[in-house]
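Remarks on the structure that follows.
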Amino acid sequence: MAKKDSRGRKNGEGGERKKGGKGGAAVHEVLRLPVGERISLSSYDTSAPPDGATAPRSKSDGLAAITRMAEPLAGLQERLWASSTAGDHRRILLVLQGMDTSGKGGTVKHVIGLFNPVGCRVRNFKAPTPEERQHDFLWRIRRQLPHHGELGVFDRSHYEDVLVGRVRELASHAEIESRYDRINDFERALADDGTTLVKCFLHISFEEQRLRLLRRLANPDKHWKFSPSDIDDRALWPAYQEAYEIALERCSSDVAPWYLIPADRKWYRNWAISRLLLEHLTALDPRYPQPDFDAEACRKRLQEEG
């Protein structure tokens, strides 16, 4: 087996590794997958934090860093929400994809929990309902998009239709092939309309998934999250990995890149996604709208009442 570099890739694969100085590169630069290149998931480590980023060295450091990010994240989200009241159309859509137990729900709980729920829109996409099957595969996705000023979160997404759809042969090969282009057109239109897409693939190992499933079975309070079909799906692991590789390659663009998140360590997963959101919100730099009234005059009126 070829040696993996400290970013988790085999030497010579996936493009030139980002270099980081003392401060390291931004997380969105280090975790971003290359656009237009073949993706081999076996080349990426599922547990080691990548080199080049300002990554915490331990779980305790990671949890402390997440706590420190809570205030600036909430502040930026409030400014984004507030700016929408003055006509700012921008919003963020966080897309979470990954194999079962990779931490999509955990990310919602531990990362999105840092934000004010008033400005968040979290949606989970399961198997299509009979009504949804009567429409184009993007129909149900469009209905759940974040509104202006919101942070939208998709726990699974439109990518299920080129992942499960491909592996389980729920659609013809020609139909699956056409969906990649439609996804790219859809995401480009979202970006043109002011949506910042943050697409995260939670990269978990086959063995770590087995351990997490065993822990679920050992805890009766977690049995509701388990299904015997989870074991059946493990037999299809290679097919799912291939389907993800194709989707990550075919549907990564400058306006809607994919970020690969090593997900075997939950604390690192949560830190990395929190940091990604912080970097994107900081880049948006939303501002509180200017009032359309005389604040000083209103203050004097209230003082005079006393």
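If you're wondering about the labels, chains in the structure tokens are A, B, ... by order shown, residues count from 1 in each chain, ligands from 1 in order shown.
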
Just want the 10 Å neighbourhood of Ser252 (chain A), counted on only C-alpha atoms, with same-chain residues fewer than 2 positions away dropped. Output as JSON, numbers by chain. {"A": [32, 33, 34, 35, 36, 37, 184, 187, 199, 247, 248, 249, 250, 254, 255, 256, 257, 258, 259]}

Dump C-alpha atoms for the selected residues as a short mmCIF file (atom, residue, chain, number, x, y, z; two decimals), in the first residue's frame?
```cif
data_model
loop_
_atom_site.label_atom_id
_atom_site.label_comp_id
_atom_site.auth_asym_id
_atom_site.auth_seq_id
_atom_site.Cartn_x
_atom_site.Cartn_y
_atom_site.Cartn_z
CA ARG A 32 -11.37 21.26 -0.02
CA LEU A 33 -11.25 18.48 -2.60
CA PRO A 34 -9.64 19.30 -5.95
CA VAL A 35 -12.03 20.26 -8.73
CA GLY A 36 -11.94 18.20 -11.90
CA GLU A 37 -9.66 15.46 -10.56
CA ASN A 184 -24.41 21.12 -11.06
CA GLU A 187 -26.14 24.39 -7.37
CA LYS A 199 -20.80 20.55 1.11
CA ALA A 247 -20.29 12.24 -7.08
CA LEU A 248 -17.40 14.06 -5.43
CA GLU A 249 -15.60 14.28 -8.76
CA ARG A 250 -18.55 15.08 -11.01
CA ASP A 254 -15.59 26.53 -7.79
CA VAL A 255 -18.98 27.75 -6.56
CA ALA A 256 -19.95 24.47 -4.87
CA PRO A 257 -16.83 22.58 -3.78
CA TRP A 258 -16.75 19.47 -1.63
CA TYR A 259 -14.91 19.33 1.69
#
```

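The environment of region 156-163 of chain A within 7 Å, counting only C-alpha atoms and disregarding residues fewer than 5 places along the same chain, consists of Val95, Leu96, Gln97, Asn124, Phe125, Leu138, Ile141, Ile176, Tyr240, Ala243 and Tyr244 of chain A.
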
Backbone-only DSSP, strand (DSSP E or B) members of region 10-154 of chain A, as number ranges by chain: A: 10, 25, 32, 53, 91-98, 120-124, 151-154

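Counting from CA of Ala48 (chain A), the distance to CA of Leu281 (chain A) is 25.8 Å.
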
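CA of Pro262 (chain A) is found 4.4 Å from CA of Thr46 (chain A).
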